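Containing TSV, C-alpha atoms: final28.tsv.
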chain	number	residue	atom	x	y	z
A	29	MET	CA	33.70	-23.66	-5.06
A	30	ASP	CA	33.62	-19.99	-4.06
A	31	ILE	CA	31.58	-17.75	-6.28
A	32	GLU	CA	32.41	-14.07	-6.12
A	33	ILE	CA	29.32	-11.87	-6.16
A	34	PRO	CA	30.00	-8.86	-8.37
A	35	TYR	CA	29.34	-5.24	-7.47
A	36	ASN	CA	28.88	-5.62	-3.74
A	37	VAL	CA	31.70	-3.13	-3.18
A	38	ASP	CA	32.31	-1.47	-6.54
A	39	GLU	CA	29.61	0.56	-8.24
A	40	ARG	CA	28.11	-0.60	-11.53
A	41	GLU	CA	28.72	1.76	-14.43
A	42	ASP	CA	25.09	1.76	-15.58
A	43	THR	CA	23.40	2.43	-12.21
A	44	GLY	CA	26.22	4.18	-10.38
A	45	LEU	CA	25.37	2.02	-7.35
A	46	TYR	CA	26.59	-1.18	-5.78
A	47	ASN	CA	23.95	-3.88	-6.15
A	48	SER	CA	22.70	-4.12	-2.57
A	49	LYS	CA	22.09	-0.37	-2.48
A	50	LEU	CA	19.91	-0.58	-5.60
A	51	GLY	CA	18.20	-3.59	-4.04
A	52	ILE	CA	17.37	-1.84	-0.78
A	53	TRP	CA	15.98	1.20	-2.63
A	54	LEU	CA	13.74	-1.06	-4.72
A	55	PHE	CA	12.57	-2.71	-1.50
A	56	LEU	CA	11.95	0.70	0.12
A	57	ALA	CA	9.93	1.75	-2.94
A	58	SER	CA	7.65	-1.25	-2.34
A	59	GLU	CA	7.47	-0.30	1.34
A	60	ILE	CA	6.36	3.22	0.42
A	61	MET	CA	3.48	1.67	-1.54
A	62	LEU	CA	2.61	-0.65	1.38
A	63	PHE	CA	2.41	2.11	3.98
A	64	GLY	CA	0.85	4.42	1.38
A	65	ALA	CA	-2.00	1.96	0.97
A	66	LEU	CA	-2.56	1.95	4.73
A	67	PHE	CA	-2.51	5.76	4.90
A	68	SER	CA	-4.95	5.83	1.99
A	69	SER	CA	-7.28	3.48	3.92
A	70	TYR	CA	-6.91	5.66	7.01
A	71	ILE	CA	-7.88	8.80	5.07
A	72	ILE	CA	-10.91	7.22	3.44
A	73	LEU	CA	-12.20	5.65	6.67
A	74	ARG	CA	-11.71	8.86	8.64
A	75	LEU	CA	-13.35	11.03	5.98
A	76	ASN	CA	-16.33	8.71	5.98
A	77	ASP	CA	-16.81	8.64	9.74
A	78	PRO	CA	-14.50	10.92	11.78
A	79	LEU	CA	-16.17	10.47	15.20
A	80	PRO	CA	-14.55	7.13	16.23
A	81	PHE	CA	-11.18	8.55	15.19
A	82	LEU	CA	-11.54	11.64	17.37
A	83	GLN	CA	-12.83	9.58	20.31
A	84	GLY	CA	-10.13	6.95	19.89
A	85	GLN	CA	-7.37	9.52	19.56
A	86	ALA	CA	-8.40	11.11	22.86
A	87	LYS	CA	-7.67	7.78	24.59
A	88	LEU	CA	-4.12	7.43	23.20
A	89	ASN	CA	-1.08	8.16	25.33
A	90	VAL	CA	0.57	11.12	23.56
A	91	PRO	CA	3.50	11.55	26.05
A	92	LEU	CA	4.52	7.90	25.56
A	93	ALA	CA	4.26	8.21	21.77
A	94	THR	CA	6.31	11.43	21.89
A	95	LEU	CA	8.96	9.64	23.94
A	96	ASN	CA	8.97	6.82	21.38
A	97	THR	CA	9.43	9.38	18.59
A	98	ALA	CA	12.46	10.86	20.37
A	99	ILE	CA	13.89	7.36	20.95
A	100	LEU	CA	13.52	6.46	17.28
A	101	ILE	CA	15.15	9.73	16.19
A	102	LEU	CA	18.04	9.05	18.58
A	103	SER	CA	18.41	5.54	17.13
A	104	SER	CA	18.60	7.03	13.63
A	105	VAL	CA	21.40	9.42	14.47
A	106	THR	CA	23.35	6.73	16.36
A	107	PHE	CA	22.94	4.42	13.35
A	108	VAL	CA	24.35	6.99	10.95
A	109	MET	CA	27.17	7.61	13.46
A	110	SER	CA	27.95	3.89	13.49
A	111	TRP	CA	28.36	4.05	9.71
A	112	VAL	CA	30.57	7.14	10.08
A	113	SER	CA	32.68	5.22	12.63
A	114	LEU	CA	33.29	2.48	10.06
A	115	LYS	CA	34.25	5.06	7.43
A	116	LEU	CA	36.75	6.42	9.97
A	117	LYS	CA	37.89	2.82	10.68
A	118	ASP	CA	37.00	3.15	14.37
A	119	ILE	CA	35.43	-0.22	15.20
A	120	SER	CA	35.07	0.43	18.94
A	121	LYS	CA	32.90	3.49	18.28
A	122	PHE	CA	30.88	1.43	15.80
A	123	ARG	CA	30.15	-1.08	18.57
A	124	ILE	CA	29.05	1.69	20.95
A	125	TYR	CA	26.81	3.53	18.48
A	126	MET	CA	25.22	0.33	17.16
A	127	GLY	CA	24.72	-0.79	20.76
A	128	ILE	CA	22.83	2.44	21.51
A	129	THR	CA	20.74	1.88	18.37
A	130	MET	CA	19.85	-1.63	19.58
A	131	LEU	CA	19.00	-0.32	23.04
A	132	CYS	CA	16.71	2.35	21.54
A	133	SER	CA	15.01	-0.30	19.37
A	134	PHE	CA	14.20	-2.47	22.39
A	135	LEU	CA	13.06	0.59	24.40
A	136	PHE	CA	10.68	1.49	21.57
A	137	LEU	CA	9.15	-2.00	21.67
A	138	VAL	CA	8.85	-2.02	25.47
A	139	ILE	CA	6.97	1.30	25.40
A	140	LYS	CA	4.82	-0.02	22.56
A	141	TYR	CA	4.02	-3.10	24.66
A	142	PHE	CA	2.76	-0.96	27.57
A	143	GLU	CA	0.74	1.13	25.11
A	144	TYR	CA	-0.90	-1.93	23.56
A	145	GLU	CA	-1.45	-3.58	26.93
A	146	SER	CA	-3.42	-0.60	28.26
A	147	LYS	CA	-5.62	-0.59	25.15
A	148	LEU	CA	-6.27	-4.33	24.96
A	149	SER	CA	-6.94	-4.71	28.71
A	150	ASN	CA	-9.67	-2.07	28.38
A	151	GLY	CA	-11.31	-3.90	25.49
A	152	TYR	CA	-10.02	-1.66	22.72
A	153	THR	CA	-9.12	-4.40	20.26
A	154	PRO	CA	-8.74	-4.00	16.48
A	155	ALA	CA	-12.35	-5.20	16.14
A	156	TYR	CA	-13.67	-2.39	18.37
A	157	ASN	CA	-14.02	0.17	15.59
A	158	ASN	CA	-12.31	1.54	12.48
A	159	PHE	CA	-9.96	3.75	14.47
A	160	TYR	CA	-8.55	0.88	16.53
A	161	ALA	CA	-8.36	-1.31	13.41
A	162	VAL	CA	-6.21	1.33	11.70
A	163	TYR	CA	-4.25	2.06	14.89
A	164	PHE	CA	-3.27	-1.58	15.49
A	165	VAL	CA	-2.58	-2.39	11.83
A	166	VAL	CA	-0.41	0.66	11.15
A	167	THR	CA	1.50	0.74	14.44
A	168	GLY	CA	1.67	-3.09	14.52
A	169	LEU	CA	3.15	-3.27	11.02
A	170	HIS	CA	5.60	-0.56	12.01
A	171	ALA	CA	6.55	-2.55	15.14
A	172	ILE	CA	7.13	-5.64	12.96
A	173	HIS	CA	9.51	-3.53	10.89
A	174	ILE	CA	11.31	-2.54	14.09
A	175	ILE	CA	11.66	-6.23	15.02
A	176	GLY	CA	13.01	-6.98	11.52
A	177	GLY	CA	15.52	-4.16	11.96
A	178	ILE	CA	16.58	-5.50	15.36
A	179	ILE	CA	17.28	-8.93	13.85
A	180	VAL	CA	19.40	-7.52	11.00
A	181	ASN	CA	21.15	-4.90	13.12
A	182	GLY	CA	21.79	-7.42	15.90
A	183	TYR	CA	23.39	-9.78	13.40
A	184	LEU	CA	25.61	-7.02	12.00
A	185	TRP	CA	26.50	-5.82	15.50
A	186	LEU	CA	27.64	-9.21	16.83
A	187	PRO	CA	28.23	-12.28	14.57
A	188	GLY	CA	28.28	-10.36	11.27
A	189	LEU	CA	31.05	-8.07	12.50
A	190	LYS	CA	33.70	-10.68	11.65
A	191	MET	CA	33.38	-9.58	8.01
A	192	TRP	CA	35.11	-6.35	9.04
A	193	ASP	CA	38.39	-8.28	9.40
A	194	THR	CA	38.28	-9.71	5.87
A	195	GLU	CA	36.14	-7.33	3.78
A	196	PRO	CA	35.83	-3.97	5.58
A	197	GLU	CA	34.37	-2.08	2.59
A	198	ARG	CA	31.70	-4.70	2.01
A	199	PHE	CA	30.81	-4.65	5.70
A	200	THR	CA	30.58	-0.83	5.63
A	201	ASN	CA	28.21	-1.10	2.66
A	202	ARG	CA	26.09	-3.60	4.58
A	203	ILE	CA	25.78	-1.11	7.43
A	204	GLU	CA	24.85	1.64	4.97
A	205	VAL	CA	22.10	-0.53	3.45
A	206	ALA	CA	20.78	-1.60	6.86
A	207	GLY	CA	20.87	2.07	7.85
A	208	LEU	CA	18.73	3.07	4.86
A	209	TYR	CA	16.10	0.58	6.03
A	210	TRP	CA	16.32	1.84	9.61
A	211	HIS	CA	15.98	5.49	8.60
A	212	PHE	CA	12.96	4.55	6.49
A	213	VAL	CA	11.33	2.95	9.55
A	214	ASP	CA	12.00	6.22	11.39
A	215	LEU	CA	10.56	8.16	8.45
A	216	VAL	CA	7.34	6.15	8.53
A	217	TRP	CA	6.94	6.83	12.25
A	218	ILE	CA	7.42	10.56	11.62
A	219	PHE	CA	4.15	10.45	9.62
A	220	VAL	CA	2.36	7.85	11.76
A	221	PHE	CA	2.87	9.84	14.97
A	222	PRO	CA	0.94	13.01	14.02
A	223	SER	CA	-1.60	11.19	11.81
A	224	ILE	CA	-2.69	8.60	14.38
A	225	TYR	CA	-1.94	10.29	17.72
A	226	LEU	CA	-2.31	14.02	17.25
A	227	LEU	CA	-4.37	15.28	14.33
B	286	MET	CA	33.17	10.22	0.67
B	287	SER	CA	36.62	11.15	2.01
B	288	GLU	CA	37.49	11.06	5.71
B	289	HIS	CA	37.67	14.87	5.79
B	290	ASN	CA	34.16	15.10	4.32
B	291	ILE	CA	32.85	12.62	6.87
B	292	GLU	CA	34.29	14.62	9.76
B	293	SER	CA	32.46	17.70	8.47
B	294	HIS	CA	29.24	15.68	8.16
B	295	ILE	CA	29.25	14.57	11.80
B	296	LYS	CA	28.26	18.05	13.00
B	297	VAL	CA	25.47	18.13	10.40
B	298	TYR	CA	24.09	14.78	11.60
B	299	TRP	CA	23.88	15.96	15.21
B	300	ASN	CA	22.34	19.30	14.17
B	301	VAL	CA	19.70	17.37	12.21
B	302	PHE	CA	19.06	15.27	15.33
B	303	TYR	CA	18.46	18.40	17.46
B	304	ALA	CA	16.25	19.88	14.72
B	305	LEU	CA	14.17	16.67	14.60
B	306	LEU	CA	13.68	16.78	18.37
B	307	ALA	CA	12.66	20.45	18.18
B	308	PHE	CA	10.18	19.75	15.37
B	309	THR	CA	8.75	16.83	17.36
B	310	ALA	CA	8.09	19.18	20.28
B	311	LEU	CA	6.58	21.67	17.83
B	312	THR	CA	4.31	18.97	16.35
B	313	VAL	CA	2.92	18.22	19.81
B	314	GLY	CA	2.75	21.93	20.68
B	315	VAL	CA	0.65	22.98	17.69
B	316	THR	CA	-2.06	20.47	18.61
B	317	TYR	CA	-2.91	22.76	21.56
B	318	ILE	CA	-3.62	25.63	19.14
B	319	GLU	CA	-7.22	26.02	17.98
B	320	PHE	CA	-7.13	26.56	14.21
B	321	ASN	CA	-10.93	26.50	13.85
B	322	SER	CA	-10.45	24.49	10.67
B	323	VAL	CA	-9.72	20.81	10.11
B	324	PHE	CA	-7.81	21.72	6.94
B	325	TRP	CA	-5.37	24.04	8.74
B	326	THR	CA	-4.91	21.60	11.64
B	327	PHE	CA	-3.87	18.88	9.21
B	328	PHE	CA	-1.91	21.26	6.99
B	329	VAL	CA	0.26	22.54	9.84
B	330	GLY	CA	0.72	19.09	11.44
B	331	LEU	CA	1.63	17.32	8.22
B	332	SER	CA	3.83	20.20	7.01
B	333	ILE	CA	6.00	19.79	10.11
B	334	ALA	CA	6.06	16.01	9.47
B	335	CYS	CA	7.17	16.68	5.87
B	336	ILE	CA	10.02	18.92	7.08
B	337	LYS	CA	11.12	16.18	9.50
B	338	GLY	CA	10.81	13.59	6.72
B	339	TYR	CA	12.94	15.77	4.44
B	340	LEU	CA	15.66	16.07	7.09
B	341	VAL	CA	15.80	12.30	7.60
B	342	ALA	CA	15.72	11.50	3.87
B	343	ALA	CA	18.13	14.25	2.78
B	344	TYR	CA	20.76	13.91	5.50
B	345	PHE	CA	20.51	10.50	7.20
B	346	MET	CA	19.62	8.66	3.97
B	347	HIS	CA	21.92	10.93	1.92
B	348	LEU	CA	19.24	11.67	-0.69
B	349	ASN	CA	20.64	15.18	-1.14
B	350	ASP	CA	23.67	13.58	-2.78
B	351	GLU	CA	22.51	10.47	-4.63
B	352	THR	CA	22.66	9.06	-8.15
B	353	LYS	CA	20.06	9.71	-10.86
B	354	THR	CA	19.01	6.04	-10.72
B	355	ILE	CA	17.63	6.49	-7.21
B	356	TYR	CA	15.95	9.81	-8.08
B	357	TYR	CA	14.18	8.14	-11.07
B	358	LEU	CA	13.18	5.20	-8.90
B	359	LEU	CA	11.76	7.41	-6.18
B	360	GLY	CA	10.10	9.71	-8.73
B	361	MET	CA	8.18	6.75	-10.17
B	362	THR	CA	7.28	5.57	-6.66
B	363	ILE	CA	5.89	8.96	-5.68
B	364	PHE	CA	3.88	9.09	-8.93
B	365	PHE	CA	2.26	5.70	-8.33
B	366	LEU	CA	1.74	6.55	-4.66
B	367	ALA	CA	-0.13	9.70	-5.70
B	368	VAL	CA	-2.31	7.65	-8.08
B	369	MET	CA	-3.02	5.11	-5.33
B	370	MET	CA	-3.90	7.83	-2.79
B	371	ARG	CA	-6.16	9.54	-5.34
B	372	MET	CA	-8.13	6.42	-6.32
B	373	PRO	CA	-10.18	5.92	-3.11
B	374	LEU	CA	-10.96	9.63	-2.91
B	375	GLN	CA	-12.18	9.51	-6.51
B	376	TRP	CA	-14.22	6.44	-5.60
B	377	LYS	CA	-15.72	8.26	-2.59
B	378	ASN	CA	-16.54	11.37	-4.63
B	379	SER	CA	-18.20	9.43	-7.46
B	380	ALA	CA	-20.20	7.30	-5.00
B	381	GLU	CA	-21.40	10.38	-3.11
B	382	SER	CA	-22.32	12.24	-6.29
B	383	SER	CA	-24.51	9.30	-7.35
B	384	GLY	CA	-26.11	9.13	-3.89
B	385	GLU	CA	-24.58	5.82	-2.88
B	386	ASN	CA	-22.93	5.03	0.42
B	387	TYR	CA	-19.52	3.64	-0.31
B	388	LEU	CA	-18.90	2.30	3.22
B	389	PRO	CA	-22.38	1.54	4.59
B	390	TYR	CA	-21.36	-0.58	7.60
B	391	ALA	CA	-19.15	2.16	9.05
B	392	ILE	CA	-22.14	4.52	9.37
B	393	GLU	CA	-24.90	2.10	10.30
B	394	ASP	CA	-22.99	0.42	13.07
B	395	LYS	CA	-21.62	3.50	14.77
B	396	ALA	CA	-22.31	3.39	18.50
B	397	THR	CA	-22.24	6.39	20.84
B	398	ASP	CA	-18.73	5.61	22.09
B	399	GLY	CA	-17.34	5.04	18.63
B	400	GLY	CA	-17.62	1.24	18.72
B	401	TYR	CA	-19.85	-0.91	16.56
B	402	VAL	CA	-18.54	-4.40	17.03
B	403	GLU	CA	-21.76	-5.94	18.38
B	404	LYS	CA	-23.85	-4.80	15.46
B	405	THR	CA	-21.21	-5.91	13.01
B	406	LYS	CA	-21.20	-9.37	14.54
B	407	SER	CA	-24.98	-9.69	14.45
B	408	LYS	CA	-25.04	-8.58	10.82
B	409	ASN	CA	-22.34	-11.07	9.95
B	410	LYS	CA	-24.52	-13.86	11.35
B	411	LYS	CA	-27.27	-12.88	8.98
B	412	GLY	CA	-24.80	-12.98	6.15
B	413	ASP	CA	-25.30	-9.32	5.26
B	414	TYR	CA	-21.67	-8.87	4.31

Serialized structure, structure tokens:
Amino acid sequence: MDIEIPYNVDEREDTGLYNSKLGIWLFLASEIMLFGALFSSYIILRLNDPLPFLQGQAKLNVPLATLNTAILILSSVTFVMSWVSLKLKDISKFRIYMGITMLCSFLFLVIKYFEYESKLSNGYTPAYNNFYAVYFVVTGLHAIHIIGGIIVNGYLWLPGLKMWDTEPERFTNRIEVAGLYWHFVDLVWIFVFPSIYLL
Amino acid sequence: MSEHNIESHIKVYWNVFYALLAFTALTVGVTYIEFNSVFWTFFVGLSIACIKGYLVAAYFMHLNDETKTIYYLLGMTIFFLAVMMRMPLQWKNSAESSGENYLPYAIEDKATDGGYVEKTKSKNKKGDY
């Protein structure tokens, strides 16, 4: 028996949103609190003892982190362009833009791997001091979010695309919702980058 | 959003992309400036991050054209985030005003190179924590 899920294309009168859009915003609200708690911990630990933070920061690879920032920004604009392509009913452009987003996501993780490898091989583990504890927890959690995004975006890019043939509007909404998550991950990095690497 | 509107938005999206790249370069650039004040260093750095965050949220996440439901939801989130960020600072201030150390291990175990893992381990063995 097929059960039709209501409001996954049409907007509800009371919220003015389709359900998955309200759902993703509620999820992002919880994510704001999660990363907020980590930033709060970072502030309090740094205020208490700034020296390890300044010494640790001096050992971070700023050019690599800057490159990662640019890659993530590029992935955000290509994601929004993939959604635009669907609105314009141009599926081939959707494939290209989403493909670039996926490529950027993997590039980000590869660069992150080299960054982590250089730290860990020199003995700078999360147990080394408060700075490295914060550094690995915040950037590690962010990297886990990138991996989560890759899984969802990869599904929508390849096997999930068949929904376009039967329910194009619903598929477009799925891309919009996945995009909101992806832009949030970019947004978090925008604050992580200066806080951890630069200031 | 109509197709005509979307076409007009494409240029905006790419302009936002270029602006974000420029602000990223600016964020790195200002770290080479000596502000002679921790406050101003953080203020300038985080202000640029806030502008970048606004551009992503307003244009890529379409928050400049959303429903009231989402604005209420985000308003409540920001309120509780502010409370959560304030709490540890309040805790720190009250502990310091009463002469207590609110994070004793972070000070005691500080080594010259910023690491304190050995001392932490030895203290753990004694069951100090």

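What separates CA of Ser293 in chain B from CA of Ala206 in chain A is a distance of 22.6 Å.
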
For this session: Please provide the set of residues having any atom within 12 Å of Phe320 in chain B, restricted to only C-alpha atoms, with same-chain residues fewer than 5 positions apart removed, written as a PyMOL selection string.
Result: (chain A and resi 227) or (chain B and resi 315+325-330)

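Picture a line from CA of Gly51 in chain A to CA of Glu292 in chain B; it runs 27.9 Å.
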
For this session: Pull out every residue of chain A that has at least one atom within 7 Å of chain B, counting all atoms listed in the file, and report them as a VMD selection string.
Result: chain A and resid 43 to 44 57 61 64 68 72 77 79 to 80 83 98 101 105 108 112 116 155 to 157 208 211 215 218 to 219 222 226 to 227

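Computed from the coordinates, the CA of Tyr35 in chain A to CA of Glu197 in chain A distance equals 11.7 Å.
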
For this session: For Ile174 in chain A, list every protein, DNA or RNA residue within 7 Å, evaluated using all atoms listed in the file, and leave out those in the same chain fewer than 4 positions away; present the list as a VMD selection string.
Result: chain A and resid 133 170 178
